[in-house]
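Below is protein.cif, holding mmCIF, C-alpha atoms.
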```
data_start
#
loop_
_atom_site.label_atom_id
_atom_site.label_comp_id
_atom_site.auth_asym_id
_atom_site.auth_seq_id
_atom_site.Cartn_x
_atom_site.Cartn_y
_atom_site.Cartn_z
CA MET A 1 0.32 62.26 6.04
CA SER A 2 -1.10 65.71 5.94
CA ARG A 3 -3.29 68.01 7.94
CA ALA A 4 -5.81 70.61 6.97
CA LEU A 5 -4.86 74.21 7.50
CA THR A 6 -7.13 76.56 9.38
CA GLU A 7 -9.02 79.04 7.29
CA ILE A 8 -6.87 81.92 8.43
CA GLU A 9 -3.65 80.02 7.73
CA VAL A 10 -4.82 79.27 4.21
CA ASP A 11 -5.71 82.90 3.73
CA ILE A 12 -2.31 84.14 4.95
CA LEU A 13 -0.38 81.68 2.83
CA ALA A 14 -2.54 82.07 -0.24
CA GLU A 15 -2.32 85.83 -0.17
CA SER A 16 1.46 85.76 0.42
CA MET A 17 1.86 83.35 -2.48
CA ASN A 18 -0.43 85.52 -4.60
CA ILE A 19 1.78 88.53 -4.03
CA GLY A 20 4.96 86.55 -4.64
CA VAL A 21 3.74 84.91 -7.81
CA GLY A 22 2.31 88.21 -8.96
CA GLN A 23 5.78 89.68 -8.71
CA ALA A 24 7.28 86.71 -10.56
CA ALA A 25 4.60 86.91 -13.25
CA SER A 26 5.18 90.62 -13.66
CA THR A 27 8.87 90.00 -14.19
CA LEU A 28 8.18 87.15 -16.61
CA SER A 29 5.83 89.43 -18.51
CA MET A 30 8.57 92.04 -18.83
CA LEU A 31 11.06 89.40 -19.97
CA THR A 32 8.75 87.89 -22.59
CA SER A 33 6.70 90.97 -23.54
CA ARG A 34 3.60 88.82 -23.06
CA LYS A 35 0.62 88.90 -20.76
CA ILE A 36 0.98 86.14 -18.17
CA GLU A 37 -2.11 84.30 -16.97
CA ILE A 38 -2.04 83.03 -13.38
CA GLN A 39 -3.90 79.99 -12.08
CA MET A 40 -3.68 79.34 -8.37
CA HIS A 41 -4.59 76.18 -6.52
CA ARG A 42 -5.22 75.54 -2.86
CA VAL A 43 -2.49 75.69 -0.26
CA LYS A 44 -1.79 72.45 1.58
CA VAL A 45 0.49 71.31 4.33
CA VAL A 46 2.01 67.89 3.78
CA TYR A 47 4.70 65.84 5.37
CA ALA A 48 7.50 64.12 3.50
CA ALA A 49 5.38 61.04 2.92
CA GLY A 50 2.62 63.12 1.35
CA LEU A 51 4.85 65.02 -1.00
CA GLN A 52 5.09 62.22 -3.53
CA GLU A 53 1.36 62.18 -4.20
CA LEU A 54 1.15 65.96 -4.22
CA LEU A 55 4.08 66.65 -6.50
CA GLY A 56 3.35 63.68 -8.72
CA GLY A 57 -0.24 64.80 -9.06
CA CYS A 58 0.68 68.40 -9.77
CA SER A 59 2.71 67.84 -12.84
CA PRO A 60 2.07 64.51 -14.50
CA GLY A 61 4.45 63.93 -17.34
CA TRP A 62 6.65 66.85 -16.40
CA HIS A 63 9.59 67.59 -18.66
CA SER A 64 12.05 69.36 -16.40
CA CYS A 65 12.29 71.54 -13.35
CA ILE A 66 14.47 74.20 -11.77
CA LEU A 67 14.96 74.09 -8.03
CA GLN A 68 16.43 76.85 -5.92
CA ARG A 69 17.15 76.41 -2.25
CA PHE A 70 16.98 79.21 0.30
CA ARG A 71 18.35 79.26 3.84
CA GLY A 72 17.63 81.57 6.74
CA PRO A 73 15.30 81.63 9.76
CA PHE A 74 13.74 78.65 8.00
CA SER A 75 14.74 76.85 4.84
CA GLY A 76 12.94 75.70 1.76
CA GLU A 77 12.85 75.46 -1.95
CA GLY A 78 11.36 77.31 -4.88
CA ILE A 79 10.44 75.03 -7.77
CA CYS A 80 9.58 75.81 -11.39
CA VAL A 81 8.15 72.82 -13.23
CA PHE A 82 7.88 72.71 -17.02
CA SER A 83 5.43 70.30 -18.62
CA VAL A 84 7.11 70.59 -22.02
CA ASP A 85 10.58 71.52 -23.21
CA PRO A 86 11.25 74.94 -21.68
CA ILE A 87 13.12 75.98 -24.80
CA GLU A 88 9.74 77.48 -25.75
CA TRP A 89 10.21 80.01 -22.96
CA VAL A 90 13.79 80.64 -24.00
CA GLU A 91 12.54 81.51 -27.49
CA LEU A 92 10.13 84.02 -26.01
CA ILE A 93 12.71 85.58 -23.74
CA MET A 94 15.32 85.82 -26.47
CA ALA A 95 12.89 87.05 -29.13
CA GLY A 96 14.72 89.07 -31.73
CA GLN A 97 18.08 87.69 -30.67
CA GLU A 98 19.96 84.72 -31.97
CA LEU A 99 19.30 81.62 -29.90
CA PRO A 100 22.40 79.88 -28.66
CA VAL A 101 22.74 76.42 -30.18
CA ASP A 102 24.85 74.70 -27.54
CA VAL A 103 23.19 72.93 -24.63
CA GLU A 104 25.29 74.71 -22.00
CA SER A 105 24.17 78.16 -23.13
CA ARG A 106 20.54 77.12 -23.31
CA ASN A 107 20.75 75.64 -19.82
CA ASP A 108 22.32 78.87 -18.65
CA ILE A 109 19.28 80.76 -19.90
CA LEU A 110 16.90 78.31 -18.24
CA LEU A 111 18.75 78.50 -14.93
CA GLU A 112 18.61 82.27 -15.01
CA MET A 113 14.91 82.19 -15.78
CA GLY A 114 14.39 79.84 -12.81
CA ASN A 115 16.54 82.07 -10.64
CA ILE A 116 14.53 85.15 -11.56
CA LEU A 117 11.15 83.51 -10.97
CA ASN A 118 12.08 81.68 -7.78
CA SER A 119 13.93 84.66 -6.29
CA ASN A 120 11.03 87.00 -7.07
CA LEU A 121 8.55 84.62 -5.48
CA ILE A 122 10.61 83.83 -2.39
CA GLY A 123 11.88 87.40 -2.03
CA SER A 124 8.34 88.79 -2.04
CA VAL A 125 7.21 86.27 0.56
CA MET A 126 10.21 87.09 2.77
CA ASN A 127 9.50 90.81 2.45
CA ILE A 128 5.97 90.15 3.71
CA LEU A 129 7.41 88.26 6.68
CA GLY A 130 10.12 90.90 7.29
CA LEU A 131 12.76 88.20 6.96
CA CYS A 132 15.84 87.75 4.82
CA VAL A 133 17.20 84.51 3.39
CA GLU A 134 20.20 83.48 1.34
CA PHE A 135 19.83 81.72 -1.98
CA ASP A 136 21.80 78.84 -3.40
CA LEU A 137 22.45 78.76 -7.12
CA PRO A 138 19.53 77.19 -9.06
CA ARG A 139 19.72 73.62 -10.34
CA TYR A 140 18.14 72.25 -13.50
CA PHE A 141 16.78 68.70 -13.65
CA ARG A 142 15.37 66.86 -16.64
CA ASN A 143 12.76 64.19 -16.05
CA ASN A 144 14.73 60.99 -15.88
CA ASN A 145 11.79 58.69 -15.20
CA CYS A 146 11.44 60.06 -11.69
CA SER A 147 8.98 62.43 -10.07
CA VAL A 148 9.57 65.99 -8.94
CA PHE A 149 9.24 64.48 -5.50
CA ASP A 150 12.35 62.33 -6.08
CA VAL A 151 14.27 65.40 -7.16
CA GLU A 152 13.09 67.33 -4.11
CA LEU A 153 14.07 64.50 -1.78
CA GLN A 154 17.61 64.60 -3.17
CA VAL A 155 17.76 67.99 -1.52
CA VAL A 156 15.79 67.66 1.71
CA GLY A 157 16.57 64.04 2.46
CA ASP A 158 14.06 61.30 3.09
CA GLY A 159 13.72 61.64 6.85
CA ASP A 160 10.45 62.45 8.53
CA VAL A 161 10.80 66.13 7.81
CA GLN A 162 7.71 68.27 8.03
CA LEU A 163 7.23 70.30 4.94
CA MET A 164 4.73 72.91 4.02
CA LEU A 165 3.96 73.15 0.37
CA CYS A 166 2.08 75.89 -1.36
CA THR A 167 0.91 74.23 -4.53
CA PRO A 168 1.08 74.88 -7.49
CA ILE A 169 0.61 78.13 -9.35
CA GLY A 170 0.44 77.98 -13.11
CA LEU A 171 1.82 80.71 -15.32
CA THR A 172 0.91 80.67 -18.98
CA ALA A 173 1.74 82.87 -21.94
CA GLY A 174 1.00 82.20 -25.59
CA GLY A 175 0.33 78.50 -25.06
CA ARG A 176 3.42 78.00 -22.92
CA SER A 177 2.99 77.03 -19.31
CA LEU A 178 4.95 76.39 -16.15
CA GLU A 179 4.08 75.73 -12.53
CA MET A 180 5.65 77.39 -9.52
CA MET A 181 5.74 75.77 -6.09
CA LEU A 182 7.14 76.82 -2.78
CA VAL A 183 8.30 74.33 -0.18
CA LEU A 184 8.74 75.71 3.32
CA GLU A 185 10.35 73.43 5.84
CA GLY A 186 9.93 73.16 9.57
CA ALA A 187 9.13 76.48 11.18
CA GLY A 188 7.92 78.14 7.98
CA LEU A 189 4.24 78.06 8.81
CA GLN A 190 4.89 79.35 12.34
CA TYR A 191 6.58 82.45 10.91
CA PHE A 192 3.46 83.24 8.88
CA THR A 193 1.19 82.82 11.90
CA ASP A 194 3.46 84.92 14.11
CA MET A 195 3.68 87.63 11.49
CA PHE A 196 -0.10 87.76 11.24
CA GLU A 197 -0.48 87.98 15.02
CA ARG A 198 2.00 90.86 15.12
CA GLN A 199 0.01 92.68 12.46
CA PHE A 200 -3.53 92.02 13.61
CA GLY A 201 -3.45 90.62 17.13
CA PRO A 202 -3.49 87.10 18.60
CA GLN A 203 -7.22 86.42 18.10
CA THR A 204 -7.13 86.52 14.33
CA ALA A 205 -4.53 83.79 13.80
CA LYS A 206 -5.90 81.34 16.37
CA LYS A 207 -6.44 77.87 15.06
CA SER A 208 -10.04 76.73 14.92
CA MET B 1 31.11 105.95 -21.82
CA ARG B 2 32.65 102.78 -20.36
CA ILE B 3 30.30 100.33 -18.68
CA LEU B 4 30.91 97.07 -16.83
CA VAL B 5 28.22 94.39 -16.64
CA VAL B 6 28.80 91.72 -13.97
CA ASP B 7 26.48 88.71 -14.11
CA ASP B 8 27.05 84.96 -14.17
CA SER B 9 24.17 84.47 -16.62
CA MET B 10 24.88 84.96 -20.28
CA MET B 11 21.19 85.65 -20.87
CA SER B 12 21.03 88.46 -18.35
CA ARG B 13 24.24 89.98 -19.67
CA MET B 14 22.84 89.92 -23.21
CA ILE B 15 19.53 91.49 -22.20
CA LEU B 16 21.26 94.15 -20.13
CA MET B 17 23.81 94.98 -22.81
CA LYS B 18 21.06 95.22 -25.41
CA ASN B 19 19.20 97.75 -23.24
CA ILE B 20 22.38 99.67 -22.47
CA SER B 21 23.33 99.83 -26.15
CA ALA B 22 19.88 101.14 -27.02
CA ALA B 23 20.06 103.83 -24.33
CA ALA B 24 23.71 104.75 -24.81
CA PRO B 25 24.78 104.01 -28.39
CA GLY B 26 28.53 103.87 -28.69
CA ALA B 27 29.08 102.90 -25.07
CA VAL B 28 31.91 100.44 -24.55
CA ILE B 29 30.56 97.53 -22.52
CA ASP B 30 32.82 95.03 -20.77
CA GLN B 31 31.55 91.83 -19.16
CA ALA B 32 32.46 89.81 -16.10
CA SER B 33 30.87 86.48 -15.20
CA ASN B 34 31.32 86.54 -11.43
CA GLY B 35 31.84 89.02 -8.62
CA GLN B 36 35.57 88.41 -8.23
CA GLN B 37 36.21 88.99 -11.92
CA GLY B 38 34.13 92.16 -11.72
CA VAL B 39 36.08 93.48 -8.74
CA ASP B 40 39.36 92.72 -10.49
CA MET B 41 38.24 94.58 -13.62
CA VAL B 42 37.19 97.59 -11.55
CA ARG B 43 40.57 97.54 -9.80
CA VAL B 44 42.50 97.40 -13.07
CA SER B 45 40.39 100.19 -14.58
CA VAL B 46 41.13 102.44 -11.61
CA GLU B 47 44.85 101.60 -11.69
CA LYS B 48 44.91 102.54 -15.37
CA SER B 49 43.09 105.79 -14.61
CA ALA B 50 40.31 104.72 -16.94
CA PRO B 51 37.53 103.79 -14.53
CA TYR B 52 34.13 102.60 -15.65
CA ASN B 53 31.44 105.27 -15.71
CA ILE B 54 29.00 102.80 -14.20
CA VAL B 55 28.94 99.18 -13.05
CA PHE B 56 25.86 96.95 -13.30
CA LEU B 57 26.11 94.19 -10.73
CA ASP B 58 24.08 91.01 -10.23
CA CYS B 59 23.48 89.75 -6.69
CA LEU B 60 23.51 85.93 -6.77
CA MET B 61 26.77 84.83 -8.39
CA PRO B 62 29.36 82.13 -7.79
CA VAL B 63 32.81 82.84 -6.33
CA VAL B 64 31.96 86.31 -4.96
CA ASP B 65 28.33 87.45 -4.77
CA GLY B 66 27.10 90.92 -5.66
CA ILE B 67 26.97 92.39 -2.16
CA GLN B 68 30.48 91.15 -1.37
CA ALA B 69 31.67 92.49 -4.71
CA LEU B 70 30.08 95.88 -4.03
CA ARG B 71 31.77 95.98 -0.63
CA GLN B 72 35.15 95.32 -2.28
CA ILE B 73 34.47 97.89 -5.01
CA ARG B 74 33.78 100.52 -2.35
CA VAL B 75 37.27 99.92 -0.93
CA ILE B 76 38.80 100.40 -4.37
CA ASP B 77 36.57 103.22 -5.54
CA PRO B 78 34.21 104.65 -2.91
CA ASP B 79 32.12 106.78 -5.23
CA ARG B 80 31.88 104.69 -8.41
CA PRO B 81 28.24 104.48 -9.60
CA VAL B 82 27.07 100.91 -9.13
CA VAL B 83 23.60 99.63 -10.00
CA MET B 84 22.38 96.34 -8.57
CA VAL B 85 20.35 94.39 -11.16
CA THR B 86 18.99 91.34 -9.40
CA ALA B 87 16.08 88.97 -9.01
CA ASN B 88 16.73 88.99 -5.27
CA ILE B 89 14.21 91.68 -4.41
CA GLN B 90 14.30 91.24 -0.63
CA ASN B 91 14.08 94.55 1.21
CA LYS B 92 16.99 93.69 3.47
CA ILE B 93 19.26 93.02 0.50
CA LYS B 94 18.21 96.36 -0.99
CA GLU B 95 18.95 98.12 2.32
CA GLU B 96 22.37 96.48 2.46
CA ALA B 97 23.13 97.60 -1.08
CA GLU B 98 21.95 101.13 -0.29
CA GLU B 99 24.20 101.26 2.76
CA LEU B 100 27.02 100.51 0.33
CA LYS B 101 25.89 103.48 -1.74
CA CYS B 102 24.48 101.61 -4.71
CA MET B 103 23.01 104.07 -7.18
CA ALA B 104 19.87 102.05 -7.88
CA PHE B 105 18.38 98.63 -7.17
CA LEU B 106 16.62 97.17 -10.22
CA ASN B 107 14.65 93.99 -10.56
CA LYS B 108 15.88 91.75 -13.39
CA THR B 109 13.17 92.56 -15.84
CA GLY B 110 15.14 93.99 -18.68
CA ASP B 111 13.40 97.27 -17.93
CA SER B 112 14.89 99.38 -20.70
CA ALA B 113 13.17 102.58 -19.54
CA ALA B 114 14.72 102.38 -16.07
CA ILE B 115 18.17 101.71 -17.51
CA ALA B 116 17.83 104.55 -20.01
CA ALA B 117 16.81 106.94 -17.23
CA LEU B 118 19.79 105.89 -15.14
CA LEU B 119 22.28 106.36 -17.94
CA LYS B 120 20.73 109.70 -18.85
CA SER B 121 21.05 110.92 -15.27
CA LEU B 122 24.68 109.87 -15.29
CA VAL B 123 25.45 111.83 -18.44
CA SER B 124 23.69 114.93 -17.14
CA VAL B 125 25.71 115.02 -13.88
#
```

Encoding of this model in structure tokens:
Amino acid sequence: MSRALTEIEVDILAESMNIGVGQAASTLSMLTSRKIEIQMHRVKVVYAAGLQELLGGCSPGWHSCILQRFRGPFSGEGICVFSVDPIEWVELIMAGQELPVDVESRNDILLEMGNILNSNLIGSVMNILGLCVEFDLPRYFRNNNCSVFDVELQVVGDGDVQLMLCTPIGLTAGGRSLEMMLVLEGAGLQYFTDMFERQFGPQTAKKS
Amino acid sequence: MRILVVDDSMMSRMILMKNISAAAPGAVIDQASNGQQGVDMVRVSVEKSAPYNIVFLDCLMPVVDGIQALRQIRVIDPDRPVVMVTANIQNKIKEEAEELKCMAFLNKTGDSAAIAALLKSLVSV
């Protein structure tokens, strides 16, 4: 189940995500010393039942993902999805330094990378809204014959929870790629609309 | 120069220490992997009359987070230079850190120029 967003809602969300991902990409560029290309797709609102199709369709054959939950005036999740082994990104980030050989250390690097990207994205969006949220520690999941949707549902539960998903934004550098997604639960969309009305007046954010 | 780096991520500690070493060759750099450990190390350094010249502090950490750690450090040592190095770039977090007199609030980019400028300003004081 899903509904179409109004044009102005799409614009608000897309631009907020643009700014947030721009910040994350800028940080990733500094970390890797590479130019980061950004590909953005359309923003959609889906409900729990629609997430499976959306997330499954976003990243077929995904390798692993890093989820980071945030809590505040509304809750949600930042998600980094890797289509191939993210060790490729670790090699870029650690260029010139000896790569750790043990799995725990490599996972530590991946979790920190996910933390940096998700926090930059979510933090930028919250700054736009004038809100502040708290972050949980990031979690790393390998694809164990399940979809990103299954992983997400482990967190949000499988009830009839309305979710808003801004999907997905690809970041690539030197042949490496990842996708960033932002799941906003419940009142998330309302905060964007209210913020826009405060800035520009009630007419502009009216639904068509 | 004695420097304390507090971050739960080994990667971020390594990147930060690499940048610090490049900007301040010969600096002695200690590490802590969570906020509580960092606070304890600051406390011990003050008790031994050998305080750190500067503390680099992450925000999101297990046990005690960066803001809580900074609050505790201010009780121990109200004027110790502390730099927040965090991916949590929310304005309200920055304001909270500034209220606790953090010297600077850096995004986790491994920005060597910003770190070098900070250390240089510390030496010139």

Computed interatomic separation between CA of Asn127 in chain A and CA of Ser16 in chain A (Å) =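 Here the two named atoms are 9.7 Å from each other.
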
Spatial neighbours of Gly76 in chain A, max dist 8 Å, only C-alpha atoms, sep filter under 4 positions, as JSON, numbers by chain | {"A": [69, 70, 71, 182, 183, 184, 185]}

Within 12 Å of chain A, which residues of chain B come that close, and what is the closest atom pair and distance in Å for each? Count all atoms listed in the file and give it as CSV.
```
residue,atom,partner,partner_atom,distance
B:Asp7,CA,A:Glu112,CA,10.2
B:Asp8,CA,A:Glu112,CA,8.9
B:Ser9,CA,A:Glu112,CA,6.2
B:Met10,CA,A:Asp108,CA,6.8
B:Met11,CA,A:Ile109,CA,5.3
B:Ser12,CA,A:Glu112,CA,7.4
B:Arg13,CA,A:Ile109,CA,10.5
B:Met14,CA,A:Gln97,CA,9.1
B:Ile15,CA,A:Met94,CA,8.3
B:Leu16,CA,A:Leu31,CA,11.3
B:Lys18,CA,A:Gln97,CA,9.7
B:Ser33,CA,A:Asp108,CA,12.0
B:Asp58,CA,A:Ile116,CA,11.3
B:Cys59,CA,A:Phe135,CA,10.0
B:Leu60,CA,A:Leu137,CA,7.3
B:Met61,CA,A:Leu137,CA,7.6
B:Pro62,CA,A:Leu137,CA,7.7
B:Val63,CA,A:Leu137,CA,11.2
B:Asp65,CA,A:Phe135,CA,10.6
B:Ile67,CA,A:Glu134,CA,11.7
B:Val85,CA,A:Ile116,CA,10.9
B:Thr86,CA,A:Ile116,CA,7.9
B:Ala87,CA,A:Ile116,CA,4.8
B:Asn88,CA,A:Ser119,CA,5.3
B:Ile89,CA,A:Gly123,CA,5.4
B:Gln90,CA,A:Gly123,CA,4.7
B:Asn91,CA,A:Asn127,CA,6.0
B:Lys92,CA,A:Cys132,CA,6.2
B:Ile93,CA,A:Cys132,CA,7.6
B:Lys94,CA,A:Cys132,CA,10.7
B:Glu95,CA,A:Cys132,CA,11.1
B:Glu96,CA,A:Cys132,CA,11.2
B:Leu106,CA,A:Thr27,CA,11.3
B:Asn107,CA,A:Thr27,CA,7.9
B:Lys108,CA,A:Ile116,CA,7.0
B:Thr109,CA,A:Thr27,CA,5.3
B:Gly110,CA,A:Leu31,CA,6.3
B:Asp111,CA,A:Met30,CA,7.2
B:Ser112,CA,A:Met30,CA,9.9
B:Ala113,CA,A:Met30,CA,11.5
```

Please provide as a count of residues only all residues within 8 Å of Ile115 in chain B, with the sequence filter that same-chain residues fewer than 6 positions apart are discarded (counting all atoms listed in the file).
-> 3

Mind giving me the straight-line distance from CA of Val81 in chain A to CA of Trp62 in chain A in Å, one decimal?
->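 Those two atoms sit 6.9 Å apart.
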
Give as a VMD selection string the residues that the PyMOL selection byres ((chain A and resi 79) around 6) matches when applied to the coordinates above.
-> chain A and resid 66 to 67 78 80 180 to 181

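For the file at hand, the PyMOL selection byres ((chain B and resi 36) around 8) resolves to Asn34, Gly35, Gln37, Gly38, Val39, Asp40, Val63, Val64 and Ala69 of chain B.
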
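With only C-alpha atoms as the atoms that count, the residue of B:Ala97, B:Ala27, B:Val55, B:Ala117 with the shortest distance to Val42 in chain B is B:Val55.
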
Do you have the CA of Tyr140 in chain A-CA of Cys65 in chain A distance handy?
->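 Calculated distance between CA of Tyr140 in chain A and CA of Cys65 in chain A is 5.9 Å.
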
Got a sec to resolve the PyMOL selection byres ((chain B and resi 78-83) around 10) on this structure and send the residues as an MDAnalysis selection string?
-> chainID B and resid 4:5 42 51:58 70:77 84:86 97:98 100:106 115 118 122

Rank B:Gly66, B:Ala114, B:Ile3, B:Glu99 by their smallest atom-to-atom distance to Pro25 in chain B, using all atoms listed in the file, and report the top residue only.
-> B:Ile3
